Structures are given as C-alpha cells and as structure tokens.
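> One structure, as structure tokens, below. Some questions next.
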Amino acid sequence: MSLFKELYAKDELPYDKFLKLGPESLSDAELLAIMLRTGTKDKTPIEVGRAILKLAGEQWGLLGLHHFRVKDLMQLPGIGEVKAVQLLCIAEIAKRTSNMRAKSNLVFDKPETVAAYYMERMRHRDTEELVLVLLNAKQHLVDESVLSTGTSNSTLISPREICIRAIRNEASYIVILHNHPSGDPTPSKQDLLVTQKIKEVSDLVEIPLLDHIIIGDNRFTSFNQKGLL
C-alpha cells in the first residue's frame, strides 16, 4: 500500500474521488484534506479538515476560513505555520476570484446590493475599516480602497484625498462604507460629521457621494435611505 493510501486508510480517498468524479463531488473536509496532504499520528487529513471546519463554525463551511488568523489555525493538531499560511492564501485566492467575477456584472445602484457585496468581508472585523468605493456613470465598480483601519475619526480621513482618488479614476460617483464591530449599524455623531465633510467636498468637484453605508452584524444602515445625505 502506498504512503498516500496509508494516510487515508481510515477514510475515503478524496484524491481518488477527485479523479473519478471531479472537484464538485468533494465535501469541504475532503477539499481541505487534499490541500493539507498529511494528517497527524491519530487523525487522517479528512479528520483534520473536519476539525478546521468545526473551528470555523459548521454553518459557515469554507467561508469561515476568511475569519481565521495563522495563530488560530495553529491551535489545531497537524497545522503548523506553513499549512496555516497555505490555507489562508487559498481562502484569499478564492475570495478575490469570486469578487472579480461579481464586479464585472454588479451594478451598485441599490444600498442592498452594496451592503450584500461587502457584508461578509466587513461584518466580522474586530476594528473599524473605512472603504472608498468608486463607480462609473453606469454605477459599476471601477475602484475600491481602504482609507483607514481601526477608527473612522474625521481627523484621519481626508475628503480631499477621497476626491483626488475619484478624479484620478475618472469616477462618476462615490460610496463609502465602514463597519461597526459592535454589530449595531446605527450612525454615531462622528459618522454624521465625517459624512457631511465628504459630501461637501464631493459636491464641489461634481462627483456626488451617493451613499455612506454602515455594516453591522447582518444589518446595515444607508445614509441615503435614511435621508442623512
């Protein structure tokens, strides 16, 4: 028996299953097992994969990998630093591929669309992140960038910088988003002040601020919908 088959002696061989039925036939744990290649003395790669999914939260499946840190994964037997980094890189590639496909067809003409696109990326963060989204005349995404991480304090956010980026990208509209780690998307007084400053400058350069969206835990607040712009 080969070393590969010995490693999987207690479970079905995902590699063979892949060759016979294709990647779509594999469970999340089997996909992880192929990426991991080896398990531990007491666990097969599939069992290690199941442990990873359990740590992520079974309701999230592979999506839960996006919320791991290297040290989180290294808590599991059989996962060293190299494997942890490999898993997180695979998760990032998958996320970016998915985002690229979505961007080509996505029209950001509704707050619900924008919030849904950024919800999973932003709702689990422990600190605030402010994202600038630039749209063309058809409200397709042309560029996005993180303006600040850790705070949305107005002294750290430059409306001038936002407008310069919008002009350089020949954008027609501006949307800004940030998350509330508390899960409550209710705007603070600081959020209102920051938004008003950005709107004043964007109006001057004739690249309107369409919306400021605050991401909470599966909830969001749209300044546009609330009449706050």
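Every chain in the structure tokens has a letter given in the order shown (A, B, ...), and although residue numbers restart at 1 in each chain, ligands are simply numbered from 1 in the order shown.
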Within 12 Å of segment 213-215 of chain A, counting only C-alpha atoms, which residues qualify if same-chain residues fewer than 5 places away don't, as a PyMOL selection string?

chain A and resi 110-125+128-133+152+174-188+191-192+195+220-226+228-229

> Need the shell around Lys197 of chain A: protein/DNA/RNA residues with any atom at most 10 Å away, counting only C-alpha atoms. Skip same-chain ones fewer than 2 positions apart. Format as a list in words?

Ser154, Ile157, Ser158, Pro159, Arg160, Leu192, Leu193, Val194, Thr195, Lys199, Glu200, Val201 and Ser202 of chain A

> Can you spit out the residues from that selection as a tab-separated table (two decimals), in the first residue's frame, using all heavy atoms?


chain	number	residue	atom	x	y	z
A	154	SER	N	-12.66	61.63	12.11
A	154	SER	CA	-12.61	62.57	10.99
A	154	SER	C	-11.22	63.16	10.77
A	154	SER	O	-10.89	63.57	9.66
A	154	SER	CB	-13.61	63.71	11.21
A	154	SER	OG	-13.29	64.43	12.39
A	157	ILE	N	-9.37	61.03	8.20
A	157	ILE	CA	-10.00	60.83	6.90
A	157	ILE	C	-10.00	62.15	6.15
A	157	ILE	O	-10.53	63.15	6.63
A	157	ILE	CB	-11.44	60.30	7.05
A	157	ILE	CG1	-11.43	58.96	7.79
A	157	ILE	CG2	-12.11	60.16	5.70
A	157	ILE	CD1	-12.80	58.53	8.26
A	158	SER	N	-9.41	62.15	4.97
A	158	SER	CA	-9.28	63.38	4.21
A	158	SER	C	-10.28	63.40	3.04
A	158	SER	O	-10.13	62.62	2.10
A	158	SER	CB	-7.86	63.50	3.66
A	158	SER	OG	-7.79	64.52	2.70
A	159	PRO	N	-11.31	64.25	3.11
A	159	PRO	CA	-12.22	64.38	1.97
A	159	PRO	C	-11.47	64.76	0.69
A	159	PRO	O	-11.84	64.33	-0.40
A	159	PRO	CB	-13.17	65.50	2.41
A	159	PRO	CG	-13.15	65.44	3.90
A	159	PRO	CD	-11.74	65.07	4.25
A	160	ARG	N	-10.40	65.54	0.84
A	160	ARG	CA	-9.60	65.93	-0.32
A	160	ARG	C	-8.97	64.70	-0.97
A	160	ARG	O	-8.99	64.56	-2.20
A	160	ARG	CB	-8.50	66.91	0.12
A	160	ARG	CG	-7.57	67.36	-1.00
A	160	ARG	CD	-6.59	68.39	-0.46
A	160	ARG	NE	-5.63	68.79	-1.49
A	160	ARG	CZ	-4.48	68.16	-1.71
A	160	ARG	NH1	-4.16	67.09	-0.96
A	160	ARG	NH2	-3.66	68.57	-2.65
A	192	LEU	N	-21.81	60.99	11.31
A	192	LEU	CA	-22.57	62.05	10.63
A	192	LEU	C	-21.66	63.20	10.22
A	192	LEU	O	-21.77	63.73	9.11
A	192	LEU	CB	-23.69	62.55	11.55
A	192	LEU	CG	-24.79	61.53	11.89
A	192	LEU	CD1	-25.69	62.06	13.00
A	192	LEU	CD2	-25.62	61.21	10.66
A	193	LEU	N	-20.73	63.58	11.11
A	193	LEU	CA	-19.81	64.68	10.81
A	193	LEU	C	-18.88	64.34	9.66
A	193	LEU	O	-18.66	65.15	8.75
A	193	LEU	CB	-18.99	65.01	12.06
A	193	LEU	CG	-19.73	65.72	13.20
A	193	LEU	CD1	-18.83	65.80	14.43
A	193	LEU	CD2	-20.19	67.11	12.78
A	194	VAL	N	-18.32	63.13	9.69
A	194	VAL	CA	-17.41	62.70	8.64
A	194	VAL	C	-18.12	62.69	7.29
A	194	VAL	O	-17.59	63.16	6.28
A	194	VAL	CB	-16.85	61.30	8.95
A	194	VAL	CG1	-16.10	60.73	7.75
A	194	VAL	CG2	-15.93	61.35	10.16
A	195	THR	N	-19.32	62.14	7.28
A	195	THR	CA	-20.09	62.04	6.03
A	195	THR	C	-20.39	63.41	5.46
A	195	THR	O	-20.29	63.63	4.24
A	195	THR	CB	-21.41	61.28	6.28
A	195	THR	OG1	-21.10	60.01	6.86
A	195	THR	CG2	-22.17	61.06	4.98
A	199	LYS	N	-19.28	64.84	1.81
A	199	LYS	CA	-20.31	65.26	0.86
A	199	LYS	C	-20.06	66.68	0.36
A	199	LYS	O	-20.20	66.98	-0.83
A	199	LYS	CB	-21.69	65.17	1.49
A	199	LYS	CG	-22.83	65.53	0.53
A	199	LYS	CD	-24.18	65.44	1.20
A	199	LYS	CE	-25.30	65.69	0.18
A	199	LYS	NZ	-25.17	66.96	-0.53
A	200	GLU	N	-19.65	67.57	1.26
A	200	GLU	CA	-19.42	68.96	0.87
A	200	GLU	C	-18.32	69.06	-0.19
A	200	GLU	O	-18.46	69.80	-1.17
A	200	GLU	CB	-19.04	69.78	2.11
A	200	GLU	CG	-20.21	70.02	3.06
A	200	GLU	CD	-19.77	70.67	4.36
A	200	GLU	OE1	-18.54	70.92	4.53
A	200	GLU	OE2	-20.63	70.93	5.23
A	201	VAL	N	-17.24	68.32	0.01
A	201	VAL	CA	-16.12	68.39	-0.93
A	201	VAL	C	-16.47	67.67	-2.23
A	201	VAL	O	-16.15	68.15	-3.32
A	201	VAL	CB	-14.85	67.78	-0.31
A	201	VAL	CG1	-13.69	67.81	-1.30
A	201	VAL	CG2	-14.46	68.54	0.96
A	202	SER	N	-17.15	66.54	-2.15
A	202	SER	CA	-17.52	65.81	-3.37
A	202	SER	C	-18.49	66.60	-4.23
A	202	SER	O	-18.45	66.54	-5.46
A	202	SER	CB	-18.12	64.44	-3.02
A	202	SER	OG	-19.35	64.57	-2.35

> Identify all residues of segment 38-171 of chain A in alpha helix (DSSP H) (DSSP on the backbone) and supply them as a ChimeraX atom specification.

/A:45-56,70-73,81-105,111-122,159-168

> Could you please write out, as a PyMOL selection string, every residue of segment 5-149 of chain A that DSSP assigns to strand (DSSP E or B)?

chain A and resi 107+129-135+140-149

> Atom CA of Asp217 of chain A to atom CA of Thr127 of chain A: how many Å, to one decimal?

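If I compute the distance from atom CA of Asp217 of chain A to atom CA of Thr127 of chain A, I get 13.2 Å.
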
> My list of candidates is A:Leu147, A:Leu134, A:Gly64, A:Val70. Which is closest to Arg168 of chain A when distances are computed with only C-alpha atoms?

A:Leu134

> So how many Å separate atom CA of Leu21 of chain A and atom CA of Leu55 of chain A, to one decimal?

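Result for atom CA of Leu21 of chain A versus atom CA of Leu55 of chain A: 28.1 Å, one decimal.
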
> Quick one: pull the distance between atom CA of Lys95 of chain A and atom CA of Met74 of chain A, Å, one decimal.

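Distance between the two atoms: 21.6 Å.
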
> Skip Pro45 of chain A itself and residues of its chain fewer than 2 positions away, then list as number ranges by chain all residues within 8 Å of it, counting only C-alpha atoms.

A: 7-8, 32-34, 36-40, 43, 47-49

> Go through A:Leu53, A:Ser172, A:Asp126, A:Arg165 and flag the residue nearest Lys138 of chain A, using only C-alpha atoms for the distances.

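Using only C-alpha atoms, the shortest distance to Lys138 of chain A belongs to A:Ser172.
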
> Could you check the closest approach to Leu135 of chain A for each of A:Asn169, A:Gln75, A:Ser25, A:Gln196 and tell me which residue wins, using only C-alpha atoms?

A:Asn169
